[in-house]
Every structure is written in C-alpha cells, then in structure tokens.
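Here is work-v1.csv, consisting of CSV, C-alpha atoms:
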chain,number,residue,atom,x,y,z
A,4,MET,CA,-47.4,-98.6,216.6
A,5,LYS,CA,-44.3,-100.4,215.4
A,6,ASN,CA,-42.9,-99.8,211.9
A,7,ILE,CA,-42.0,-103.0,210.3
A,8,ALA,CA,-40.2,-103.4,206.9
A,9,ILE,CA,-39.9,-106.4,204.7
A,10,LEU,CA,-37.1,-106.1,202.2
A,11,VAL,CA,-37.9,-106.9,198.6
A,12,LEU,CA,-35.0,-107.9,196.4
A,13,PRO,CA,-35.1,-109.2,192.8
A,14,ARG,CA,-34.7,-113.0,192.7
A,15,ALA,CA,-35.6,-113.3,196.4
A,16,LEU,CA,-37.6,-116.3,197.6
A,17,GLY,CA,-41.2,-115.2,197.5
A,18,SER,CA,-42.2,-117.3,200.5
A,19,SER,CA,-39.6,-115.6,202.7
A,20,ILE,CA,-41.4,-112.3,202.0
A,21,SER,CA,-45.0,-113.6,201.9
A,22,ILE,CA,-44.9,-115.6,205.2
A,23,PRO,CA,-43.9,-112.6,207.4
A,24,LEU,CA,-46.2,-110.3,205.4
A,25,GLU,CA,-49.2,-112.6,205.7
A,26,MET,CA,-48.7,-113.5,209.4
A,27,LEU,CA,-48.3,-109.9,210.4
A,28,SER,CA,-51.2,-108.8,208.3
A,29,ALA,CA,-53.4,-111.5,209.8
A,30,ALA,CA,-52.3,-110.3,213.3
A,31,ASN,CA,-53.4,-106.8,212.4
A,32,ASP,CA,-56.7,-108.1,211.1
A,33,ILE,CA,-57.3,-110.0,214.4
A,34,ALA,CA,-56.4,-107.0,216.5
A,35,LEU,CA,-58.7,-104.8,214.5
A,36,ALA,CA,-61.6,-107.3,214.7
A,37,ARG,CA,-61.1,-107.4,218.5
A,38,LYS,CA,-61.1,-103.6,218.5
A,39,GLN,CA,-57.6,-103.4,219.8
A,40,LYS,CA,-56.4,-100.6,217.5
A,41,ALA,CA,-53.5,-99.8,219.8
A,42,LYS,CA,-51.9,-103.1,218.8
A,43,LEU,CA,-51.9,-102.4,215.1
A,44,ASN,CA,-48.5,-102.2,213.4
A,45,ALA,CA,-47.4,-100.5,210.1
A,46,ILE,CA,-46.0,-103.0,207.6
A,47,GLN,CA,-44.1,-101.8,204.5
A,48,LEU,CA,-42.4,-103.5,201.6
A,49,VAL,CA,-39.1,-101.7,200.9
A,50,GLY,CA,-36.2,-102.3,198.6
A,51,PRO,CA,-33.6,-100.7,196.4
A,52,HIS,CA,-36.2,-100.0,193.8
A,53,LYS,CA,-39.9,-98.9,194.0
A,54,GLY,CA,-42.6,-100.6,192.1
A,55,ALA,CA,-42.9,-104.1,190.7
A,56,GLN,CA,-40.1,-106.5,191.5
A,57,ILE,CA,-39.7,-110.0,190.0
A,58,LEU,CA,-39.0,-112.6,192.6
A,59,SER,CA,-37.7,-116.2,192.2
A,60,GLY,CA,-40.2,-118.2,190.2
A,61,GLY,CA,-41.5,-115.1,188.4
A,62,MET,CA,-43.7,-113.8,191.2
A,63,ARG,CA,-44.2,-110.0,191.0
A,64,VAL,CA,-44.4,-107.9,194.1
A,65,ASP,CA,-45.0,-104.2,194.4
A,66,CYS,CA,-42.4,-102.4,196.6
A,67,HIS,CA,-44.0,-99.6,198.6
A,68,ASN,CA,-40.9,-97.5,199.1
A,69,THR,CA,-37.2,-97.5,198.5
A,70,ILE,CA,-34.9,-97.9,201.5
A,71,SER,CA,-33.8,-94.2,201.1
A,72,GLU,CA,-37.5,-93.2,201.6
A,73,ALA,CA,-38.1,-95.5,204.6
A,74,GLU,CA,-38.2,-94.0,208.0
A,75,LEU,CA,-36.7,-95.6,211.1
A,76,LYS,CA,-37.9,-99.2,211.6
A,77,HIS,CA,-38.5,-101.3,214.7
A,78,LEU,CA,-38.2,-104.6,212.8
A,79,ILE,CA,-36.7,-105.5,209.4
A,80,PHE,CA,-36.9,-108.8,207.5
A,81,ILE,CA,-34.2,-109.7,205.0
A,82,PRO,CA,-35.6,-112.3,202.6
A,83,GLY,CA,-34.0,-115.6,201.5
A,84,LEU,CA,-32.1,-115.5,198.2
A,85,TRP,CA,-32.2,-117.9,195.4
A,86,ARG,CA,-28.5,-118.7,194.6
A,87,LYS,CA,-25.4,-116.6,194.8
A,88,PRO,CA,-26.1,-114.5,197.9
A,89,THR,CA,-22.6,-112.9,197.8
A,90,GLN,CA,-23.4,-111.6,194.3
A,91,ALA,CA,-26.6,-110.0,195.6
A,92,VAL,CA,-24.6,-108.4,198.5
A,93,ARG,CA,-22.1,-106.9,196.0
A,94,GLN,CA,-24.9,-105.7,193.8
A,95,TYR,CA,-26.7,-103.8,196.6
A,96,PRO,CA,-24.1,-102.2,198.9
A,97,ALA,CA,-26.7,-99.5,199.8
A,98,ILE,CA,-28.7,-102.1,201.6
A,99,THR,CA,-25.9,-103.2,203.9
A,100,GLN,CA,-25.3,-99.5,204.8
A,101,TRP,CA,-29.1,-99.0,205.4
A,102,LEU,CA,-29.2,-102.1,207.6
A,103,ARG,CA,-26.3,-100.9,209.7
A,104,GLN,CA,-27.9,-97.5,210.2
A,105,GLN,CA,-31.2,-98.9,211.1
A,106,TYR,CA,-29.7,-101.4,213.5
A,107,GLU,CA,-27.6,-98.7,215.2
A,108,SER,CA,-30.8,-96.7,215.6
A,109,GLY,CA,-32.4,-99.6,217.5
A,110,ALA,CA,-34.0,-101.8,214.8
A,111,THR,CA,-34.3,-105.5,215.2
A,112,VAL,CA,-33.2,-107.4,212.1
A,113,CYS,CA,-34.3,-110.9,211.0
A,114,ALA,CA,-32.5,-112.6,208.1
A,115,VAL,CA,-34.1,-115.6,206.4
A,116,ALA,CA,-31.7,-118.3,205.2
A,117,GLY,CA,-29.3,-116.7,202.6
A,118,GLY,CA,-30.4,-113.2,203.7
A,119,ALA,CA,-27.9,-113.7,206.6
A,120,PHE,CA,-25.2,-112.6,204.1
A,121,PHE,CA,-26.6,-109.1,204.1
A,122,ALA,CA,-26.6,-109.0,207.9
A,123,ALA,CA,-23.1,-110.3,208.0
A,124,GLU,CA,-21.9,-107.9,205.4
A,125,ALA,CA,-23.3,-105.0,207.4
A,126,GLY,CA,-21.3,-106.2,210.4
A,127,LEU,CA,-24.3,-107.0,212.5
A,128,LEU,CA,-23.1,-110.6,213.1
A,129,ASP,CA,-19.5,-110.0,214.1
A,130,ASP,CA,-18.7,-112.1,217.2
A,131,ARG,CA,-22.3,-113.2,217.3
A,132,SER,CA,-24.0,-116.5,216.7
A,133,ALA,CA,-25.8,-116.9,213.4
A,134,THR,CA,-27.0,-119.4,210.9
A,135,THR,CA,-27.9,-119.6,207.2
A,136,HIS,CA,-29.0,-122.1,204.6
A,137,TRP,CA,-26.9,-125.3,204.8
A,138,ARG,CA,-25.9,-124.9,201.1
A,139,TYR,CA,-24.0,-121.7,202.0
A,140,PHE,CA,-22.2,-122.9,205.2
A,141,HIS,CA,-18.7,-123.1,203.7
A,142,GLU,CA,-19.0,-119.8,201.7
A,143,PHE,CA,-20.5,-118.0,204.7
A,144,ALA,CA,-17.9,-119.3,207.1
A,145,SER,CA,-14.9,-118.5,204.9
A,146,THR,CA,-16.3,-115.0,204.0
A,147,TYR,CA,-17.4,-113.9,207.4
A,148,THR,CA,-14.8,-115.3,209.7
A,149,ARG,CA,-15.9,-113.3,212.8
A,150,VAL,CA,-19.4,-114.8,212.8
A,151,LYS,CA,-20.0,-117.8,215.1
A,152,LEU,CA,-21.8,-120.0,212.5
A,153,GLN,CA,-24.2,-122.4,214.2
A,154,ARG,CA,-24.5,-125.3,211.7
A,155,LYS,CA,-26.9,-127.4,213.8
A,156,ARG,CA,-29.3,-124.6,214.5
A,157,PHE,CA,-32.4,-123.6,212.5
A,158,THR,CA,-32.8,-120.3,214.3
A,159,THR,CA,-30.4,-118.0,216.2
A,160,CYS,CA,-30.8,-114.7,218.0
A,161,ALA,CA,-28.0,-112.5,219.3
A,162,ASP,CA,-28.4,-108.8,220.2
A,163,ARG,CA,-31.5,-108.0,218.2
A,164,VAL,CA,-30.3,-110.0,215.1
A,165,TYR,CA,-32.3,-113.2,214.2
A,166,CYS,CA,-31.3,-115.7,211.6
A,167,THR,CA,-32.9,-118.8,210.2
A,168,GLY,CA,-31.5,-121.7,208.3
A,169,SER,CA,-34.6,-122.3,206.2
A,170,VAL,CA,-37.7,-120.4,205.0
A,171,ASN,CA,-39.9,-122.7,207.1
A,172,ALA,CA,-38.1,-121.7,210.3
A,173,ILE,CA,-39.3,-118.1,209.9
A,174,ARG,CA,-42.8,-119.2,211.2
A,175,ASP,CA,-41.4,-119.9,214.7
A,176,ILE,CA,-39.7,-116.5,214.9
A,177,MET,CA,-42.8,-114.8,213.5
A,178,LEU,CA,-44.8,-116.3,216.4
A,179,HIS,CA,-42.3,-114.8,218.8
A,180,PHE,CA,-42.5,-111.4,217.2
A,181,ILE,CA,-46.3,-111.5,217.1
A,182,GLY,CA,-46.4,-112.5,220.7
A,183,ASN,CA,-44.2,-109.5,221.6
A,184,TYR,CA,-45.7,-106.9,219.2
A,185,TYR,CA,-49.4,-107.9,219.7
A,186,ASP,CA,-50.0,-110.5,222.5
A,187,THR,CA,-49.9,-114.2,223.3
A,188,ASN,CA,-53.6,-114.7,222.4
A,189,ILE,CA,-53.2,-113.3,218.9
A,190,ALA,CA,-50.0,-115.3,218.5
A,191,ASN,CA,-51.8,-118.5,219.5
A,192,GLU,CA,-54.6,-117.8,216.9
A,193,ILE,CA,-52.0,-117.1,214.2
A,194,ALA,CA,-50.3,-120.4,215.0
A,195,GLN,CA,-53.5,-122.3,214.4
A,196,HIS,CA,-53.8,-120.8,210.9
A,197,PHE,CA,-50.2,-120.8,209.8
A,198,THR,CA,-48.5,-123.8,211.4
A,199,HIS,CA,-48.9,-127.5,211.3
A,200,GLU,CA,-50.0,-127.5,214.9
A,201,LEU,CA,-50.0,-125.2,217.9
A,202,LYS,CA,-47.0,-123.1,218.5
A,203,PRO,CA,-44.0,-124.3,220.4
A,204,SER,CA,-43.4,-122.4,223.6
A,205,PHE,CA,-41.6,-119.2,222.6
A,206,GLU,CA,-38.8,-119.5,225.2
A,207,SER,CA,-38.1,-123.1,224.5
A,208,GLU,CA,-38.2,-123.2,220.7
A,209,LEU,CA,-37.3,-119.7,219.5
A,210,LEU,CA,-33.5,-120.4,219.4
A,211,GLY,CA,-33.9,-123.8,217.8
A,212,ARG,CA,-34.0,-127.3,219.1
A,213,ASP,CA,-30.4,-127.1,220.5
A,214,ARG,CA,-31.3,-125.2,223.7
A,215,HIS,CA,-27.9,-125.6,225.2
A,216,SER,CA,-26.4,-123.4,222.5
A,217,ALA,CA,-28.6,-120.5,223.3
A,218,HIS,CA,-26.3,-119.2,226.0
A,219,TYR,CA,-22.9,-119.9,227.6
A,220,ASP,CA,-23.6,-120.1,231.4
A,221,GLU,CA,-22.4,-123.7,232.1
A,222,LEU,CA,-24.1,-123.8,235.5
A,223,ILE,CA,-27.4,-122.8,234.1
A,224,ILE,CA,-27.0,-125.4,231.3
A,225,ALA,CA,-26.5,-128.0,234.0
A,226,VAL,CA,-29.7,-126.7,235.7
A,227,GLN,CA,-31.6,-127.0,232.4
A,228,GLU,CA,-30.3,-130.6,231.9
A,229,TRP,CA,-31.4,-131.4,235.5
A,230,PHE,CA,-34.9,-130.0,234.7
A,231,MET,CA,-35.1,-132.1,231.5
A,232,ASN,CA,-34.3,-135.2,233.5
A,233,HIS,CA,-36.6,-134.5,236.5
A,234,PHE,CA,-39.5,-132.5,235.1
A,235,GLN,CA,-41.9,-135.3,236.0
A,236,GLN,CA,-41.1,-135.0,239.7
A,237,GLN,CA,-42.5,-132.6,242.2
A,238,VAL,CA,-39.7,-130.1,242.7
A,239,THR,CA,-39.3,-126.6,244.1
A,240,VAL,CA,-36.9,-123.8,243.1
A,241,ALA,CA,-35.5,-123.9,246.6
A,242,GLU,CA,-34.6,-127.6,246.2
A,243,VAL,CA,-33.0,-127.0,242.8
A,244,ALA,CA,-31.0,-124.0,244.1
A,245,LYS,CA,-29.7,-126.1,247.1
A,246,HIS,CA,-28.7,-129.0,244.8
A,247,PHE,CA,-26.5,-126.6,242.7
A,248,GLY,CA,-25.2,-124.7,245.7
A,249,LEU,CA,-27.0,-121.4,244.9
A,250,SER,CA,-29.4,-119.2,246.8
A,251,VAL,CA,-32.9,-119.0,245.3
A,252,ARG,CA,-32.3,-115.4,244.5
A,253,SER,CA,-29.0,-116.2,242.7
A,254,LEU,CA,-30.6,-119.1,240.7
A,255,ASN,CA,-33.5,-116.9,239.6
A,256,ARG,CA,-31.2,-114.1,238.6
A,257,ARG,CA,-28.7,-116.2,236.7
A,258,PHE,CA,-31.4,-118.3,235.0
A,259,ARG,CA,-33.2,-115.2,233.8
A,260,GLN,CA,-30.0,-113.6,232.5
A,261,ALA,CA,-29.1,-116.8,230.6
A,262,THR,CA,-32.5,-117.9,229.2
A,263,ASP,CA,-34.7,-114.8,229.5
A,264,THR,CA,-37.2,-116.7,231.6
A,265,THR,CA,-37.6,-118.0,235.2
A,266,PRO,CA,-36.8,-121.6,236.4
A,267,LEU,CA,-40.5,-122.2,237.1
A,268,SER,CA,-41.5,-121.0,233.7
A,269,TYR,CA,-38.8,-123.1,232.0
A,270,LEU,CA,-40.0,-126.2,234.0
A,271,GLN,CA,-43.6,-125.5,233.0
A,272,SER,CA,-42.7,-125.2,229.3
A,273,LEU,CA,-40.9,-128.6,229.5
A,274,ARG,CA,-43.9,-130.2,231.1
A,275,LEU,CA,-46.4,-128.7,228.6
A,276,GLU,CA,-44.3,-129.6,225.6
A,277,HIS,CA,-44.1,-133.2,226.8
A,278,ALA,CA,-47.9,-133.1,227.5
A,279,LYS,CA,-48.5,-132.0,223.9
A,280,GLN,CA,-46.6,-135.0,222.6
A,281,LEU,CA,-48.6,-137.3,224.8
A,282,LEU,CA,-51.9,-135.7,223.7
A,283,LYS,CA,-50.9,-136.1,220.1
A,284,GLN,CA,-49.4,-139.6,220.2
A,285,SER,CA,-51.0,-141.5,223.1
A,286,ASN,CA,-54.5,-142.5,224.3
A,287,LEU,CA,-53.9,-141.5,227.9
A,288,VAL,CA,-56.8,-139.7,229.5
A,289,ILE,CA,-56.1,-136.1,230.6
A,290,ALA,CA,-55.6,-137.1,234.2
A,291,GLU,CA,-52.9,-139.6,233.2
A,292,VAL,CA,-51.2,-137.0,230.9
A,293,ALA,CA,-51.2,-134.5,233.8
A,294,GLY,CA,-49.7,-137.0,236.2
A,295,THR,CA,-47.1,-138.2,233.7
A,296,VAL,CA,-45.7,-134.7,233.2
A,297,GLY,CA,-45.6,-133.7,236.9
A,298,TYR,CA,-49.1,-132.3,237.7
A,299,GLN,CA,-51.0,-134.0,240.4
A,300,ASP,CA,-54.0,-131.7,240.1
A,301,THR,CA,-55.8,-132.3,236.7
A,302,SER,CA,-57.8,-129.2,236.9
A,303,TYR,CA,-54.7,-127.1,237.5
A,304,PHE,CA,-52.9,-128.8,234.6
A,305,SER,CA,-55.9,-128.1,232.3
A,306,GLU,CA,-56.0,-124.4,233.3
A,307,VAL,CA,-52.2,-124.0,232.8
A,308,PHE,CA,-52.5,-125.7,229.4
A,309,ARG,CA,-55.4,-123.5,228.4
A,310,ARG,CA,-53.7,-120.3,229.4
A,311,SER,CA,-50.6,-121.3,227.4
A,312,ASN,CA,-52.3,-122.5,224.3
A,313,ALA,CA,-55.7,-120.8,224.2
A,314,MET,CA,-57.5,-124.2,224.2
A,315,THR,CA,-58.0,-127.1,226.6
A,316,PRO,CA,-56.0,-130.3,226.4
A,317,ASN,CA,-58.9,-132.2,224.8
A,318,GLU,CA,-59.3,-129.4,222.2
A,319,TYR,CA,-55.6,-129.6,221.4
A,320,ARG,CA,-55.7,-133.3,221.0
A,321,GLN,CA,-58.6,-133.1,218.6
A,322,LEU,CA,-56.8,-130.3,216.6
A,323,VAL,CA,-53.4,-132.0,216.2
A,324,ARG,CA,-54.9,-135.4,215.4
A,325,ASN,CA,-57.0,-133.9,212.7
A,326,LYS,CA,-53.8,-132.4,211.2
A,327,LEU,CA,-51.8,-135.6,211.2
A,328,PHE,CA,-50.5,-136.4,207.8
A,329,VAL,CA,-50.2,-140.2,207.2
A,330,ALA,CA,-48.1,-140.7,204.0
A,331,GLU,CA,-49.0,-144.3,203.5
A,332,HIS,CA,-52.7,-143.4,203.2
A,333,CYS,CA,-51.8,-141.1,200.3
A,334,GLN,CA,-49.7,-143.7,198.7
A,335,ALA,CA,-52.5,-146.2,198.9
A,336,GLU,CA,-54.8,-143.8,197.1
A,337,THR,CA,-52.5,-143.0,194.2

What's the structure tokens form of this structure?
Amino acid sequence: MKNIAILVLPRALGSSISIPLEMLSAANDIALARKQKAKLNAIQLVGPHKGAQILSGGMRVDCHNTISEAELKHLIFIPGLWRKPTQAVRQYPAITQWLRQQYESGATVCAVAGGAFFAAEAGLLDDRSATTHWRYFHEFASTYTRVKLQRKRFTTCADRVYCTGSVNAIRDIMLHFIGNYYDTNIANEIAQHFTHELKPSFESELLGRDRHSAHYDELIIAVQEWFMNHFQQQVTVAEVAKHFGLSVRSLNRRFRQATDTTPLSYLQSLRLEHAKQLLKQSNLVIAEVAGTVGYQDTSYFSEVFRRSNAMTPNEYRQLVRNKLFVAEHCQAET
C-alpha cells in the first residue's frame, strides 16, 4: 500500500486538491469493487494545521493531519495557489523543510501550477526542468535562477518531481500515477469518468505536448522525429537502427534511457494516437483507419487498440463523438 498525501493550504485552489483526491478515491473504489485489495492506497489530507481550512472561493476542507504528524509518504501533491505564491512560501517555511525531508526519504512530489514555488523553495527543482502557471513565469525565473523553467510545457517531470502549468494538466499526471500505483485497466476506467475523452498514452503525453524537451539525447530526438514522419510505413527496429548507424541493442538501450519506453512501443503509441484522431474526426471504416496508421491486419490493429484503451475502435469512436462539444449549437439555443 502506498501512502499518498495531498497538502491543504489556506487560499489554495480547491480543484487542485479535489481532482487528485477524487481520482485516487475512485481508483480505490474500483480496486475494491474488483476485489483487488492489494492495490488499495492510503490517501491523507495534510497541512500546517489540522481541521477545517478555507480554500479559495470559500470552500472548507478538513485536514486529517498536520505535516509533523504525517509518516513517510510515497507521493505528495502540492496544490495550486491563488495569488502571491511567494507570500505563501514565506508564511509556511515548515512545509518546504518537510518536502525536502520527504523527498530525500524517497517520496515523489507533484506540484500543481503555483505550487511549484514550494518545490523550488525546497531545492527540489535545482538544475531540473519545471513549469508553473504562466502568470508567475517572470517571478519564478527571477527567484529560482537554478531551475530550468519550461515556458512551453504544461507538465514536466525530473527525478521524481512533477510540475504542471495549470490545474487541468493534473489529470494527465494523475492517469500516469494511477496506472503505476493501480494498473492500466483502472487508469483507463478513471479516464472515461474524469477526462474529456480517453487518456493520452502515458509515455507520449505525460511530459507535455513538446516531446523533444523530455530529454536531451539528440540522436534519440532524431529517431523520434523519424518515427513521427514514417509511422505509417512498415518499418522494423533493425532498419531504423541501421539508418542511424546503431546496432539494434544500442538503439533499444539508448531509446529506453531517454524516453523510458522501447522504440516499438513509441511507434505503436504514435500510430494509436493518430488512429484516435481519425476515429474522432473522420468517417473512415476501421480497416481504412488501420491501414492509414500502418497496420495492414485490421484484426491485429483492433486487438492492439483494445489492449491499450480497454475498448474497441468502434466503441472509442462512439464515446468520443458523444462527448464532442459544438459551441455553435449552444449559441443557437441561447
């Protein structure tokens, strides 16, 4: 069982607390319903004070324990802050010390939007990539000069410290954590309840839409670009390795070190993400979708898609089209 803590701070953004809490609680409920008690995790609300705390907008949340009472954690969420994050950091120095101690003991830390100020103040982001809410870019960069601020990224991850540039971006990271702490099937079911459509692939979307910034191996970046331009073709790892002057073993090793996945898995994620867009936006039949993204065997494509998304291509198409929001229809009704 993992011990997970969500920090509760006065004037914090309630959604940055409730989204992780509700998604994790739902994952626990699903695991319990499936009689998978071994996958349950302990979730606590902790903060500088115990009892009722007033969040932004007047929401009241009961804090279970103070940080001094909290045992060692596996995962800690720092909420987004409504205005003046540096003031909050100065007001609660004990939190930065607690975060540093927890991190040094092995905890993973996830800071939502302005919550990155606490992670930076604790020294967890020194010489690492990070992001925060765009409104605080200048203040953050001038205050924490050792942090590699990623202004074009909505999510970052470096050495067990995750950051988001908005409250909404926490959903993608939550799916990643739920996939790791529970399993992929539970993460897929959570995605259907808490996101606009099915989850992006964890590997391709976890670090934001700018995939090239996720690592610094220029050769592997070139390989990724090649995959993006040729994913519709029938290719083998041996052919790609030869194209870039590597052995298959070296390509697999360097690719996994840089991206935390294999070349074939990365290629598959590109194909499936493109297939999702076609299923959502086009009227191509499933065989045509499969062929367009590089799968000649429709049955194999359907099985790979089902394993990745816990539903068939046709079920996915029906789901996302039911969720499409057409603004002009609403305008016509008002």

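When the distance limit is 9 Å and only C-alpha atoms are what count, the residues near Met4 in chain A, minus those fewer than 3 positions from it on the same chain, are A:Ala41, A:Lys42, A:Leu43, A:Asn44, A:Ala45, A:Tyr184.
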
**Q.** Minimum-distance residue to Tyr269 in chain A, chosen among A:Phe308, A:Phe230, A:Trp137, A:Phe120 (using only C-alpha atoms)
**A.** A:Phe230

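From CA of Glu242 in chain A back to CA of Gln227 in chain A, the distance works out to 14.1 Å.
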
Q. Neighbours of Ile79 in chain A within 6 Å (all atoms listed in the file; same-chain residues fewer than 3 positions away dropped), as a PyMOL selection string?
A. chain A and resi 7-9+112

Identify the residues around (-19.6, -114.3, 204.9) within a radius of 10 Å, measuring from only C-alpha atoms in the coordinates stated by the file, and give them as a PDB file with C-alpha atoms, in the frame of the given file.
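Okay, this is what ended up in result.pdb:
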ATOM      1  CA  PRO A  88     -26.100-114.500 197.900  1.00  0.00           C
ATOM      2  CA  THR A  89     -22.600-112.900 197.800  1.00  0.00           C
ATOM      3  CA  ALA A 119     -27.900-113.700 206.600  1.00  0.00           C
ATOM      4  CA  PHE A 120     -25.200-112.600 204.100  1.00  0.00           C
ATOM      5  CA  PHE A 121     -26.600-109.100 204.100  1.00  0.00           C
ATOM      6  CA  ALA A 122     -26.600-109.000 207.900  1.00  0.00           C
ATOM      7  CA  ALA A 123     -23.100-110.300 208.000  1.00  0.00           C
ATOM      8  CA  GLU A 124     -21.900-107.900 205.400  1.00  0.00           C
ATOM      9  CA  GLY A 126     -21.300-106.200 210.400  1.00  0.00           C
ATOM     10  CA  LEU A 128     -23.100-110.600 213.100  1.00  0.00           C
ATOM     11  CA  TYR A 139     -24.000-121.700 202.000  1.00  0.00           C
ATOM     12  CA  PHE A 140     -22.200-122.900 205.200  1.00  0.00           C
ATOM     13  CA  HIS A 141     -18.700-123.100 203.700  1.00  0.00           C
ATOM     14  CA  GLU A 142     -19.000-119.800 201.700  1.00  0.00           C
ATOM     15  CA  PHE A 143     -20.500-118.000 204.700  1.00  0.00           C
ATOM     16  CA  ALA A 144     -17.900-119.300 207.100  1.00  0.00           C
ATOM     17  CA  SER A 145     -14.900-118.500 204.900  1.00  0.00           C
ATOM     18  CA  THR A 146     -16.300-115.000 204.000  1.00  0.00           C
ATOM     19  CA  TYR A 147     -17.400-113.900 207.400  1.00  0.00           C
ATOM     20  CA  THR A 148     -14.800-115.300 209.700  1.00  0.00           C
ATOM     21  CA  ARG A 149     -15.900-113.300 212.800  1.00  0.00           C
ATOM     22  CA  VAL A 150     -19.400-114.800 212.800  1.00  0.00           C
ATOM     23  CA  LEU A 152     -21.800-120.000 212.500  1.00  0.00           C
TER      24      LEU A 152
END

(Q) Report as a list in words all protein, DNA and RNA residues lying within 7 Å of range 157-166 of chain A, evaluated on all atoms listed in the file, omitting residues in the same chain fewer than 3 positions from it. (A) Thr111, Val112, Cys113, Ala114, Val115, Ala116, Ala119, Arg131, Ser132, Ala133, Thr134, Thr135, Ser169, Ala172, Leu209, Leu210 and Gly211 of chain A

Q. Pick from A:Asn312, A:Asn317, A:Gln235, A:Thr265: nearest to His277 in chain A, with all atoms listed in the file counted?
A. A:Gln235

Q: Can you pull out every residue within 8 Å of Val292 in chain A, counting all atoms listed in the file, but drop anything in the same chain fewer than 4 positions away, and send it as a VMD selection string?
A: chain A and resid 278 281 to 282 287 to 288 296

Writer output for current selection, C-alpha atoms, as a compact mmCIF listing (two decimals), keeping the file's coordinate frame:
# COMPACT_ATOMS: atom_id res chain seq x y z
CA ALA A 278 -47.90 -133.10 227.50
CA LEU A 281 -48.60 -137.30 224.80
CA LEU A 282 -51.90 -135.70 223.70
CA LEU A 287 -53.90 -141.50 227.90
CA VAL A 288 -56.80 -139.70 229.50
CA VAL A 296 -45.70 -134.70 233.20

Q.
I need the residue nearest Asp300 in chain A from this list: A:Gln104, A:Asp175, A:Ile33, A:Gln237. Use only C-alpha atoms for the distance.
A. A:Gln237

Q) Near Ser305 in chain A, within 8 Å and counting all atoms listed in the file, which residues show up once chain neighbours fewer than 3 positions away are dropped, as an NGL selection string? A) :A and (301-302 or 308-309 or 315-316)

Would you save the residues of that selection, restricted to C-alpha atoms, as a JSON list (two decimals), in the coordinates of the input?
[["chain", "number", "residue", "atom", "x", "y", "z"],
["A", 301, "THR", "CA", -55.80, -132.30, 236.70],
["A", 302, "SER", "CA", -57.80, -129.20, 236.90],
["A", 308, "PHE", "CA", -52.50, -125.70, 229.40],
["A", 309, "ARG", "CA", -55.40, -123.50, 228.40],
["A", 315, "THR", "CA", -58.00, -127.10, 226.60],
["A", 316, "PRO", "CA", -56.00, -130.30, 226.40]]

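Nearest to Arg174 in chain A of all the residues A:Met26, A:Ala36, A:Val243, A:Ala73 is A:Met26, based on all atoms listed in the file.
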
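Distance-wise, CA of Phe258 in chain A and CA of Leu275 in chain A end up 19.3 Å apart.
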
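The closest residue to Phe197 in chain A, picked from A:Ala55, A:Ala30, A:Ala125, A:Val226 and counting only C-alpha atoms, is A:Ala30.
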
Q) To one decimal place, how far is CA of Arg259 in chain A from CA of Gln271 in chain A in Å? A) 14.7 Å

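If all atoms listed in the file are the atoms counted, then among A:Ala190, A:Leu84, A:Ala97, A:Ala91 the closest residue to Ile20 in chain A is A:Leu84.
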
Is it possible to get the residues within 10 Å of (-50.0, -102.0, 192.8) (coordinates as in the file, counting all atoms listed in the file) written as a PDB file with C-alpha atoms, keeping the file's coordinate frame?
ATOM      1  CA  GLY A  54     -42.600-100.600 192.100  1.00  0.00           C
ATOM      2  CA  ALA A  55     -42.900-104.100 190.700  1.00  0.00           C
ATOM      3  CA  VAL A  64     -44.400-107.900 194.100  1.00  0.00           C
ATOM      4  CA  ASP A  65     -45.000-104.200 194.400  1.00  0.00           C
ATOM      5  CA  CYS A  66     -42.400-102.400 196.600  1.00  0.00           C
ATOM      6  CA  HIS A  67     -44.000 -99.600 198.600  1.00  0.00           C
TER       7      HIS A  67
END

Completion of range 257-261 of chain A up to all heavy atoms, as a CSV table (one decimal), in the coordinates of the input:
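File out22.csv, as written:
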chain,number,residue,atom,x,y,z
A,257,ARG,N,-29.5,-115.6,237.7
A,257,ARG,CA,-28.7,-116.2,236.7
A,257,ARG,C,-29.5,-116.9,235.6
A,257,ARG,O,-29.2,-116.8,234.4
A,257,ARG,CB,-27.6,-117.1,237.3
A,257,ARG,CG,-26.5,-116.4,238.0
A,257,ARG,CD,-25.5,-117.3,238.5
A,257,ARG,NE,-24.8,-118.1,237.5
A,257,ARG,CZ,-23.7,-118.8,237.7
A,257,ARG,NH1,-23.2,-118.9,238.9
A,257,ARG,NH2,-23.1,-119.4,236.7
A,258,PHE,N,-30.5,-117.6,236.0
A,258,PHE,CA,-31.4,-118.3,235.0
A,258,PHE,C,-32.0,-117.3,234.1
A,258,PHE,O,-32.1,-117.5,232.9
A,258,PHE,CB,-32.4,-119.1,235.8
A,258,PHE,CG,-33.0,-120.3,235.0
A,258,PHE,CD1,-32.4,-121.6,235.1
A,258,PHE,CD2,-34.0,-120.1,234.1
A,258,PHE,CE1,-32.9,-122.6,234.3
A,258,PHE,CE2,-34.5,-121.1,233.3
A,258,PHE,CZ,-33.9,-122.4,233.4
A,259,ARG,N,-32.6,-116.2,234.6
A,259,ARG,CA,-33.2,-115.2,233.8
A,259,ARG,C,-32.2,-114.5,232.8
A,259,ARG,O,-32.5,-114.3,231.7
A,259,ARG,CB,-34.0,-114.2,234.6
A,259,ARG,CG,-34.7,-113.1,233.8
A,259,ARG,CD,-35.5,-112.2,234.6
A,259,ARG,NE,-36.7,-112.8,235.2
A,259,ARG,CZ,-37.8,-112.9,234.5
A,259,ARG,NH1,-37.9,-112.6,233.2
A,259,ARG,NH2,-38.9,-113.5,235.0
A,260,GLN,N,-31.0,-114.3,233.4
A,260,GLN,CA,-30.0,-113.6,232.5
A,260,GLN,C,-29.6,-114.5,231.3
A,260,GLN,O,-29.4,-114.1,230.2
A,260,GLN,CB,-28.8,-113.3,233.3
A,260,GLN,CG,-28.9,-112.1,234.3
A,260,GLN,CD,-27.7,-111.9,235.1
A,260,GLN,OE1,-26.8,-112.8,235.3
A,260,GLN,NE2,-27.6,-110.7,235.7
A,261,ALA,N,-29.6,-115.8,231.6
A,261,ALA,CA,-29.1,-116.8,230.6
A,261,ALA,C,-30.2,-117.2,229.6
A,261,ALA,O,-30.0,-117.3,228.4
A,261,ALA,CB,-28.6,-118.1,231.2
